[in-house]
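Colleague: Just dropping this structure here.
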Amino acid sequence: MKDLLPYIPGFINDAMKSLGFFMPEIVLTIGFILVVITDAFSAKKSNGPFYLTLISLVVAGVFTIQQLQYKSTELFSGMLISDHSGVLFKLVFLMVGLIFILFLKNNRDFNSHAKGTGDACSIFLAVLLGMNLMAMSSNLLMIFISIEMVSIGSYLMVGYISKDNRQTEAAVKYVIFGAVCSAIMLYGLSLIYGLTGTLNLSSPELIRGLSEVPPLVSGVIIILVLVGIGFKLSVVPFHFWSPDVYEGAPTPVTAFLSTGPKAAGFAILIRFLTPLQNGDSTQLDNLLFNFNAILAVAAMASMVIGNFGAIWQNNIKRMLAYSSIGHTGFLLMAIIAFSAAGFKALMFYIVIYAIMNMAAFILANEVEELTGSEEADDYKGLGKQFPLLMVCFVIVLVSLTGLPPTAGFTAKFLIFSSALDSYNASGSVWLLLLMITGAVTTVVSLFYYFKIPLNAFLKARETPYGLVKYTSMKPIWIILSVLLIVLLFVPGIIISFL
Amino acid sequence: MEALSQNYIVLAILAVLLPVAGFLRVLFIKNTSRAFFYAIAGISASFIISAYIFTAVWNNQTVHYQANWFTIGNTTISIGILINNLAALMMVLVTGISLLVHIYSLAYMKNDPLIHRYCGYLGLFCGCMLLLVIADNLLVLYMAWELVGFSSYLLIGFWFTKDAAAIAAKKAFIMNRIGDVGFLIGLFIIYTQFGTFDIQKLFGEQGLVGSAILHNGVWIAASGQLPAMWLTVAGIAFFMGAAAKSAQFPLHTWLPDAMEGPTSVSSLIHAATMVAAGVFLVARIFPLFNETVLLFIAITGVFTAFLAATIALTQNDIKRVLAFSTISQLGFMMLAMGTGSVAGGIFHLATHAFFKCLLFLAAGAIIHELGHVKEKENVDFDTQDIRLMGGLRKRMPVTFYTMVVASLALVGLPFTSGYLSKDAILIHSFEWAKSRGGLFKIIPYTALLVSWLTTFYISRLIFKVFFGEWRLQKKLNAIFSVHESPAEMKYPMIILAVFSLFFIFSYHPLLFEKSWILSGFDQAESLQRINAFHTIIPATVNLISLLIIYLCYRWYVKPGFAGVAQSNFFYRLSESQWYFDRIYDILIIKPVTQLWTAVYWFERRVVDGIVNLAGSFGIISSSVSAWVDKYLIDGIVNGVAVLAKRIGDFSRHFQTGRLQHYLVTMLFFVLTFFVLKYFTQLL
Amino acid sequence: MIPLSHFLIISAVLFCIGLFAVLSKRNAIQILIGIEFMINAGVLNLVAFSRYDRINSGGQVFALFAIVLAAASVAVALAIILNVYKKSSTIDLSKVNQLSD
Amino acid sequence: MSLLSLIIFLPLLVGLVILILPASLQQKFKYITLVVTLIQLVISGFIYLKFDPSIAGIHQETQFQLVEKLSWIRLDLGTAGKLEIDYFLGIDGLSMPFLFLTSLIMAVAVLSSWEIKTNLKAFFALFLLLDAAIMGVFCALDFFLFYIFYELMLLPLYFLIGMWGGIRREYAAMKFFLYTLFGSVFMLLVIIGLYFSVVNPATGNHTFNMITMMDPANFVQGSIFSAAANLELFGISARLLAFIVLFIAFAIKVPIVPLHTWLPDAHVEAPTPISIILAGILLKIGGYGILRVCFSIFPDAASQSSWWIGLIGVVSIIYGALNALAQKDLKRLVAYSSVSHMGFVLLGIASGTVEGVSGAMLQMISHGFLSAMLFFLVGVLYQRVHDRDIYSFRGLATLMPAYSAFIMVAFFASLGLPGFSAFIAEAFTLIGAFSSESVNGWLPRWMAIGGSIGILLSAAYFLWTLQRMFFGQPRLKGGDNWLSQLSDVNLREKIALAPLALMALLLGILPSIAFDKMNTSVIEFVRFITS
Amino acid sequence: MSIEQLVFYFFAAVVLISAFFVVTMNNLVRSIFLFFVTLFAVAGLFIFALADFVALTQVVIYVGGVLVLMLFAFMLSNKQLLNDLKVVKIKSVHSLPAFLVALIFLFILVNVIIAAQPESISWLQNKSNWLQPADNTVNQIGIQIMTRYLLPFEVVSVLLLMALIGAAHIARKDKV
């Protein structure tokens with residue numbers, strides 16, 4: 001008791017100082033509370049929570065953008081670190097969040113949900129807060145808590161509507177799978193703590209402690225932690241849940257899960273790996289193990305399984321789920337080629353990926369609302385009936401494939417660039433294999449992505465759908481598709497932030 | 001002089017272009033009525049120009065003019081005209097005969113609805129032929145060479161609605177293409193070795209070809225060197241081109257089929273001019289040929305002559321007899337070339353052009369008139385079958401007499417032009433063989449034999465057509481009337497008959513050496529003149545020829561000749577044209593057809609198949625991956641279950657939920673890593 | 001004093017028992033129990049190590065948070081399981097397999 | 001805005017305009033497109049006249065003409081240096097002829113688009129997009145830009161084949177797309193590798209400038225594609241591997257045996273205007289790419305692999321021709337003849353001689369005109385009776401004399417009749433191939449002789465078709481019904497065909513109009529790659 | 001062996017044996033009650049690590065919260081249970097792969113623990129940092145939570161609120 005007394009003022013001061021860097025999160029928290037309160041006291045169909053959420057997003061966005069200028073700072077006695085990359089991730093989350101909340105607002109499932117969407121807004125804000133914390137965590141405890149926060153929120157969002165047994169099934173699979181993974185991760189974290197005596201990622205004791213034990217020990221422990229992160233990323237072999245969950249979950253939630261938490265997973269992966277990678281590399285190579293080999297195998301497996309698995313699918317959401325596994329593998333390439341350029345490439349890819357994946361799900365949802373089907377076979381002849389929609393869809397799919405004239409190409413290009421650059425420097429054969437796998441799976445991805453235009457434009461349907469109008473998401477998917485083309489020509493508007 | 005030369009150049013170009021203008025006209029104007037007028041006007045002008053140039057050039061000067069055509073890399077390819085004795089002679093020959101054939105065609109083609117095309121094609125042919133003759137550049141020569149082939153294709157297939165004509169045209173073009181490939185390979189070698197196509201530079205005095213030397217198996221020229229083999233290859237390649245065009249063995253089979261075209265065309269192109277282009281080519285590039293190639297040419301020539309003559313013996317189609325005769329005579333010319341007598345070859349080319357043209361025109365007159373009969377009497381018979389002719393001497397006297405003159409020239413009896421040129425070749429070949437001795441003697445003796453065979457088949461033709469009774473009437477048991485052909489046809493024939501006599505070529509009826517054409521060319525190889533040959537050979541040839549003519553008269557005119565046994569092997573061999581078409585069919589066409597069928601099969605089944613396999617690779621791999629996703633999980637579990645069955649008995653109850661499949665698999669992978677880690681650490 | 005490794009081994013055994021439950025049980029609630037065992041194993045580790053960390057008490061605090069989070073997850077998981085039961089009338093997860101390739 | 005940008009972006013802009021215009025105007029779209037292509041034709045004609053033939057280009061940036069260089073993307077990538085992507089256009093003797101070819105073929109393709117009846121708006125918008133992309137490929141000197149245009153061609157083609165094509169159009173479109181993408185994805189890797197291996201000496205940044213990539217001095221010491229470092233990947237020299245990858249990417253377009261099987265399918269299934277563009281221009285992009293990229297950037301690897309390329313060329317010539325002989329479908333026959341004719345291009349390029357490369361260039365241009373003409377003619381027939389089977393027709397010459405005349409011109413020009421461009425082109429590729437052994441020892445002589453067999457075979461299949469379909473007594477599968485449908489070529493078709501025939505003839509008689517403009521470049525190119 | 005050790009191993013034995021039975025038990029209700037025993041025993045182990053507050057929390061949250069929740073859930077989801085408590089025979093431990101995976105995991109983990117030599121980890125050697133049985137951990141944890149771990153504490157509150165709202169939303173009946 002006495003031992004601690006001298007530290008108390010310091011902690012308090014530190015906490016007070018940190019609040020200044022914590023504005024976006026505070027805003028989100030306040031928003032969360034306000035939404036909870038409003039929801040409790042307003043009618044079920046009230047728009048209040050929605051607008052409150054929107055406002056908190058915007059305000060948080062303003063604060064976050066301000067943070068871009070700040071230097072990297074430790075907050076709350078090393079619980080968090082506010083640095084440039086974290087802020088970028090937070091911006092991505094906000095962008096995804098903004099699209100998501102609009103998507104949710106205009107989604108038929110959510111609108112017709114008897115219990116209202118107010119709770120969804122509050123859960124969403126909490127998840128967003130969790131994601132922000134994930135991006136900033138520099139402490140094992142914070143990592144655990146923030147991941148749990150995002151996970152629990154995600155389980156709730158998946159099971160939110162539970163309109164049929166498919167949705168509940170998705171939710172239960174997600175929750176059990178997630179709980180197992182986080183339990184394994186907790187066990188790993190406890191051992192890291194045991195070996196190093198610290199929870200702080202940036203502390204030198206962490207590396208020292210890990211390098212004192214035999215590589216078997218550190219390797220196993222780190223892998224145990226990576227299970228939890230891998231689950232968030234849905235990287236092979238922790239991907240099994242994602243096709244089922246993505247298929248079963250309400251479409252806006254799927255769109256959100258495949259972008260936001262995934263990006264947060266990358267943020268935390270970088271946080272977690274950075275001390276391990278940036279340590280004394282010679283020592284690491286000797287004492288720890290070669291992460292790159294493991295990550296490379298996982299990345300290649302993700303690309304292969306994701307892309308090849310997607311060919312098989314007829315359900316568009318399931319297909320996109322597999323494709324997002326493939327994209328994760330591709331993104332891992334940038335992690336492996338970790339460097340300044342690699343980070344920029346990664347960020348750029350994540351932004352573009354978020355836009356295009358969101359857009360893809362929005363478009364798939366649009367088609368679903370127009371035709372009532374999620375099956376690729378039912379896209380036959382849609383190009384004729386809904387030219388604008390399908391043209392946008394094609395742009396998005398082209399971007400997902402990574403072909404010009406879309407930003408998806410630039411993104412892919414940058415990843416390849418960083419990989420090759422890193423290869424130039426290191427000569428690691430893994431990178432070469434990764435690039436080849438990436439190139440091959442790009443071709444493969446054409447098979448399934450182009451199933452949609454193939455059906456929509458090249459095939460005809462006997463009985464066209466009745467007269468239906470686009471939902472109010474129309475301006476959003478148009479903007480997103482156009483953005484994908486515009487960003488090819490002026491990638492600077494994103495890159496200048498990086 | 002310079003200015004005059006300029007005039008010749010313009011004139012020569014005009015001579016080429018005027019006939020072609022007729023062709024261009026056809027492309028745009030479908031008017032048939034005045035087609036002939038323009039065509040004849042064009043060719044007449046061309047003829048007059050040619051004659052004018054001839055008088056100026058012959059043994060006097062060489063007109064050579066060049067302009068840059070295009071530059072490729074650092075090499076400038078020129079285009080130009082080179083009119084020397086050879087070219088000038090050919091010009092006159094071509095335009096003169098063309099003019100006559102044009103006039104002849106006026107009547108011959110009168111009723112054809114497409115005569116404007118006919119005129120156009122003829123014009124194209126004349127232009128290209130003239131270009132071929134005056135080109136100073138092997139590349140241009142080659143172009144003209146193929147273009148005459150093309151116009152020949154058009155003309156053979158002129159009656160394109162007849163399948164036989166269309167097929168014959170195709171055959172002619174493709175066989176010529178085979179030769180052209182040879183020609184082209186020759187061009188490659190020339191260009192690689194000398195870097196130019198200029199005929200004057202290559203083959204003129206102190207030309208590049210002449211000054212190139214063979215040293216240690218290397219053929220060294222100023223601008224490059226090749227292994228010596230390529231000199232021979234070049235010679236043979238060029239000769240391959242010449243052989244195809246001049247219907248030499250083994251590329252001769254297109255010419256008889258080419259008789260499907262109008263007879264006037266046959267006479268102009270497939271007897272007098274175009275087919276002689278091969279001989280012309282050999283003369284143009286003569287310095288290129290080395291001993292080996294020359295011998296090759298000589299042997300090919302004499303063999304072709306023999307082959308064609310034997311075939312001509314038994315043919316019943318009047319045009320085919322003449323066609324084989326043409327091949328045979330072209331063989332003679334080649335023989336002359338091969339034995340080094342360029343002059344003799346060209347001389348025979350000139351004389352042969354006239355009398356063979358005449359033979360065809362006469363045959364055409366007969367066919368034409370019989371065609372009238374066929375049309376008028378509305379009976380169906382083959383107008384070209386000599387078995388259905390006979391006794392036409394009285395009915396078509398002009399045709400008869402002119403054709404006899406031409407036949408005599410072909411046989412080579414004194415006082416005809418043929419006598420001179422044929423003797424030139426025969427005697428020269430004997431002298432040539434004498435100087436070499438040994439087996440080389442087979443060549444002149446074969447030539448001798450061929451000239452008797454020639455006598456036989458042409459006599460048979462004349463006697464069968466003009467003497468005796470008209471077998472058609474007998475066969476159909478009716479009376480038909482046939483009369484002399486109209487003036488447009490008659491007069492060209494008469495003119496040609498005059499040109500088949502000796503005085504056009506030499507003032508001395510019996511001594512070929514006095515001929516002015518021979519004096520226009522250098523004797524490539526000076527052989528020892530053996531006087532005995534100059535008397536013995538003509539005498540022997542002619543005496544025996546007369547005997548043969550008598551024999552034929554006895555056989556074909558006098559009754560009582562039973563005919564040769566048609567089952568005789570030699571007869572069948574001859575009649576079926578030595579089975580060449582059949583052999584080619586079996587040896588070349590069938591295998592090639594099978595080849596392409598096989599290749600296409602390969603394409604579809606294998607190449608495309610592999611690709612489709614690769615394409616379905618995606619599907620296969622996806623099924624693999626789906627298999628991984630779907631069955632590996634089950635599979636591992638089931639696999640372990642099978643193991644469990646062997647251990648215990650509770651495997652039947654083995655049922656786990658799917659979510660747990662996922663977890664098991666996931667952990668399985670994690671464990672795999674752990675185990676790996678564990679064991680690598682132990683290592 | 002109890003040696004640290006004994007704690008660790010006990011926790012490892014507990015973890016694996018939990019894991020076994022998770023992998024083998026078909027009843028959703030039993031699976032949850034398995035997960036709780038795994039979490040408890042982690043917590044046990046933390047607590048055991050925390051004995052040597054008087055100043056920061058990182059382990060104990062972490063353990064507290066872990067317990068609280070586990071409770072929250074269980075609450076959410078049970079709510080979802082209840083929903084599954086409502087829709088599918090079963091809590092046997094091996095029968096919940098509509099979503100698959 | 002300079003001419004090159006104009007020629008690229010004019011169609012793009014008009015394409016957008018067409019998208020915006022109401023569908024009620026759709027009958028006008030073809031005229032709008034025609035006008036655009038005609039303007040392009042005028043511009044490229046002007047460029048042709050203005051082009052200074054005495055400047056070589058190839059590997060000297062200063063010698064390119066109509067250069068436009070704007071910095072486009074500048075990204076600071078940290079350790080990977082600054083990303084330097086330029087909007088860099090320019091032409092030299094190797095690219096200029098293709099501009100003219102493209103404009104002319106595009107105009108003809110528009111004229112043949114009259115047969116398109118459905119969804120005109122989309123068709124012409126995609127058409128113009130394709131037009132812009134192709135122009136861009138020929139003008140781009142920045143590899144990144146080049147790649148973008150190169151890939152940009154794929155999409156419109158996919159839809160143009162897939163939406164307006166024949167019965168198996170989906171299969172054909174997908175096959176085409178996959179093939180080309182397969183090549184180009186790996187090309188992207190090589191491009192990035194080159195980017196990291198090369199620095200712009202002026203700025204010290206890595207660069208995508210193709211011209212900079214051609215100078216070995218600009219390669220970073222020890223970088224992956226540095227000639228000096230001579231690194232190995234999978235046991236092969238990295239430069240050779242990169243060359244092979246790029247070569248395959250372009251060779252798929254050319255196409256070579258055995259990567260050609262997309263071509264018959266795509267050509268047969270594509271609507272006529274697209275067949276025309278495919279055969280007339282797209283295939284040339286492969287050849288152009290091999291010259292501009294493969295050989296220029298990796299001359300050392302080129303000399304190592306020329307024997308194989310030559311062999312591929314000869315095999316393509318003969319294999320394509322033999323397949324053409326076996327075809328019953330006229331369009332398929334023409335497609336296989338393309339394979340055969342493009343084999344000459346490879347042979348000529350592989351010879352590494354001035355004659356060979358000039359011949360190859362001319363062959364590309366000539367084949368551009370001729371194959372466009374052939375496909376147009378097939379389209380004319382198909383449009384009338386919806387049949388292309390050679391055995392369904394006989395004696396067409398009687399029924400359609402003008403059509404037959406055009407067919408004759410196209411066939412004979414294609415089979416290399418002197419007087420037409422193909423002859424000069426094929427002759428000089430073969431001469432180049434033959435003399436190669438003497439000049440630089442790249443190709444053995446038998447390849448030239450092997451290639452000349454192709455000339456013979458091409459005569460065989462074209463003449464056979466001519467004889468089978470056009471000669472003889474008229475006899476049609478469709479009977480009297482067809483008789484009334486088989487009208488002769490109309491004025492529009494004549495207007496489309498005449499310039500093609502005329503160009504083929506003109507180039508055959510006056511090859512200097514092409515050679516003069518590119519000779520300096522070709523000489524420099526050959527000097528550059530063989531030195 | 002001291003009393004302390006004896007009691008410790010007793011608790012340890014209770015933990016493992018009861019956990020084992022929880023897992024292998026066929027009867028779900030019994031296994032849930034056994035689970036209660038396990039949790040208590042684990043709490044006992046916590047005390048041996050001088051974490052009395054954690055032990056208390058364990059008992060309160062798990063026994064008071066989780067276990068009751070589970071029972072409720074089980075009973076709500078199993079109407080038959082109300083009729084017959086025996087029910088839901090879980091097909092006994094016939095899942096060999098699960099068993100193998102767990103076993104190998106155990107093998108690896110034990111190996112890891114032994115390889116790590118926990119007794120000799122360097123930071124553990126600082127005896128001044130050891131907790132003493134006399135230390136007031138509740139007090140200490142209280143200060144820590146309000147200072148060093150302030151942020152997680154606050155965040156967890158948000159998390160719990162979210163979980164509460166969400167779980168309530170999902171579990172409640174659809175009514176408009």
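By convention in this document, the chains of the structure tokens carry letters A, B, ... by their order, each chain's residues are numbered from 1, and ligands are numbered from 1 in the order they are shown.
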Can you build me a table of chain A residues sitting at most 9 Å from chain B, with the closest atom pair per residue and its distance in Å to one decimal, using only C-alpha atoms, sorted by chain and residue number, as a Markdown table?

Modeller:
| residue | atom | partner | partner_atom | distance |
| --- | --- | --- | --- | --- |
| A:Lys173 | CA | B:Leu659 | CA | 6.4 |
| A:Ile176 | CA | B:Leu659 | CA | 8.3 |
| A:Phe177 | CA | B:Leu663 | CA | 7.2 |
| A:Val180 | CA | B:Leu663 | CA | 8.4 |
| A:Pro214 | CA | B:Gln681 | CA | 8.8 |
| A:Pro215 | CA | B:Gln681 | CA | 7.8 |
| A:Leu216 | CA | B:Lys677 | CA | 6.1 |
| A:Gly219 | CA | B:Lys677 | CA | 7.7 |
| A:Val220 | CA | B:Phe674 | CA | 6.3 |
| A:Ile223 | CA | B:Val670 | CA | 7.8 |
| A:Leu224 | CA | B:Val670 | CA | 8.4 |
| A:Val227 | CA | B:Val670 | CA | 8.3 |
| A:Val236 | CA | B:Met666 | CA | 8.4 |
| A:Pro237 | CA | B:Met666 | CA | 5.5 |
| A:Phe238 | CA | B:Met666 | CA | 6.0 |
| A:His239 | CA | B:Met666 | CA | 8.4 |
| A:Phe240 | CA | B:Tyr662 | CA | 5.9 |
| A:Trp241 | CA | B:Tyr662 | CA | 7.5 |
| A:Ile294 | CA | B:Phe673 | CA | 8.8 |
| A:Val304 | CA | B:Ser625 | CA | 7.9 |
| A:Ile305 | CA | B:Ser625 | CA | 5.8 |
| A:Gly306 | CA | B:Ser625 | CA | 8.6 |
| A:Asn307 | CA | B:Ser622 | CA | 8.0 |
| A:Phe308 | CA | B:Ser622 | CA | 4.3 |
| A:Gly309 | CA | B:Ser622 | CA | 5.4 |
| A:Ala310 | CA | B:Ser622 | CA | 7.6 |
| A:Ile311 | CA | B:Ser622 | CA | 6.1 |
| A:Trp312 | CA | B:Ser622 | CA | 6.2 |
| A:Val444 | CA | B:Gly618 | CA | 6.5 |
| A:Phe447 | CA | B:Gly618 | CA | 7.9 |

Colleague: Should the cut-off be 6 Å, what would the residue list for chain E against chain C look like, counting only C-alpha atoms, as a list in words?

Modeller: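 Filtering chain E at 6 Å from chain C with only C-alpha atoms gives Val23, Ala49, Ser95, Ala98, Phe99, Ala102, Leu106, Leu124, Asn129, Trp130, Leu131, Ala167 and Ala171 of chain E.
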
Colleague: If I take atom CA of B:Glu513 and atom CA of B:Val498, how far is one from the other in Å, to one decimal?

Modeller: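 Pair atom CA of B:Glu513 / atom CA of B:Val498 returns 20.7 Å.
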
Colleague: Pick out the chain E residues within 7 Å of chain A. Count only C-alpha atoms. Give them as number ranges by chain.

Modeller: E: 112, 115-116, 121, 123, 139-140, 147-148, 151-152, 159, 162-163, 165-166, 170, 174-176

Colleague: May I have a table of the residues of chain E lying at most 9 Å from chain B, giving each one's closest pair of atoms and their distance in Å to one decimal, counting only C-alpha atoms, ordered by chain and ascending residue number, as CSV?

Modeller:
residue,atom,partner,partner_atom,distance
E:Lys91,CA,B:His653,CA,8.0
E:His94,CA,B:Phe654,CA,6.1
E:Ser95,CA,B:Phe654,CA,6.4
E:Leu96,CA,B:Ala644,CA,7.1
E:Pro97,CA,B:Val637,CA,6.3
E:Ala98,CA,B:Val664,CA,6.7
E:Val101,CA,B:Phe668,CA,6.9
E:Ile104,CA,B:Leu671,CA,7.6
E:Phe105,CA,B:Leu671,CA,7.0
E:Ile108,CA,B:Phe674,CA,7.2
E:Asn111,CA,B:Tyr678,CA,8.8

Colleague: Pick from D:Met163, D:Leu510, D:Met408, D:Leu21: nearest to D:Glu269, with only C-alpha atoms counted?

Modeller: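 The closest residue to D:Glu269 is D:Met163.
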
Colleague: Would you list which chain A residues are within 8 Å of chain D using only C-alpha atoms, as a list of chain:residue names?

Modeller: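 Applying the cut-off to the listed atoms yields A:Ser339, A:Ala340, A:Ala341, A:Lys344, A:Leu403, A:Pro404, A:Pro405, A:Phe413, A:Phe416, A:Ser417, A:Ser418, A:Leu420, A:Asp421, A:Asn424, A:Met435, A:Ile436, A:Ala439, A:Val440, A:Thr442, A:Val443, A:Leu446, A:Leu454, A:Phe457, A:Leu458, A:Val490, A:Pro491, A:Gly492, A:Ile495.
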
Colleague: Tell me, which residues of chain C carry DSSP helix (DSSP H, G or I), written as an MDAnalysis selection string?

Modeller: chainID C and resid 4:24 28:50 58:88 93:95

Colleague: Would you mind listing what lies within 6 Å of stretch 571-584 of chain B as a ChimeraX atom specification, with only C-alpha atoms counted and same-chain residues fewer than 5 positions away left out?

Modeller: /B:310-311,314-315,566

Colleague: Got time to write the residues from that selection, N, CA and C atoms, as a compact mmCIF listing (two decimals), in the first residue's frame?

Modeller:
# COMPACT_ATOMS: atom_id res chain seq x y z
N THR B 310 6.30 -39.21 -124.19
CA THR B 310 5.66 -40.53 -124.13
C THR B 310 4.19 -40.40 -123.77
N ILE B 311 3.91 -39.45 -122.92
CA ILE B 311 2.50 -39.29 -122.53
C ILE B 311 1.68 -38.78 -123.72
N THR B 314 -0.36 -41.04 -126.45
CA THR B 314 -1.64 -41.75 -126.34
C THR B 314 -2.80 -40.88 -125.95
N GLN B 315 -2.56 -39.61 -125.76
CA GLN B 315 -3.67 -38.77 -125.32
C GLN B 315 -4.69 -38.59 -126.43
N GLN B 566 -4.50 -51.87 -125.83
CA GLN B 566 -4.66 -50.85 -124.82
C GLN B 566 -4.35 -51.34 -123.42

Colleague: Need the shell around stretch 350-361 of chain D: protein/DNA/RNA residues with any atom at most 9 Å away, counting only C-alpha atoms. Skip same-chain ones fewer than 5 positions apart. Format as a count of residues only?

Modeller: 52

Colleague: Choose the residue, out of D:Glu524, D:Glu115, D:Asp142, D:Asp516, that has the smallest atom-to-atom separation from D:Ile85; count only C-alpha atoms.

Modeller: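 So, comparing all the options, the nearest one is D:Asp142.
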
Colleague: Running DSSP on the backbone, which parts of stretch 54-298 of chain A land in strand (DSSP E or B), as a PyMOL selection string?

Modeller: chain A and resi 73-75+80-82+137+139+200

Colleague: Counting only C-alpha atoms, collect the residues of chain B whose closest atom lies at most 7 Å from chain D, and write them out as a PyMOL selection string.

Modeller: chain B and resi 69-73+143+146-147+160-163+166-167+170+174+177-178+181+185+188+192+596-597+599-600+607-608
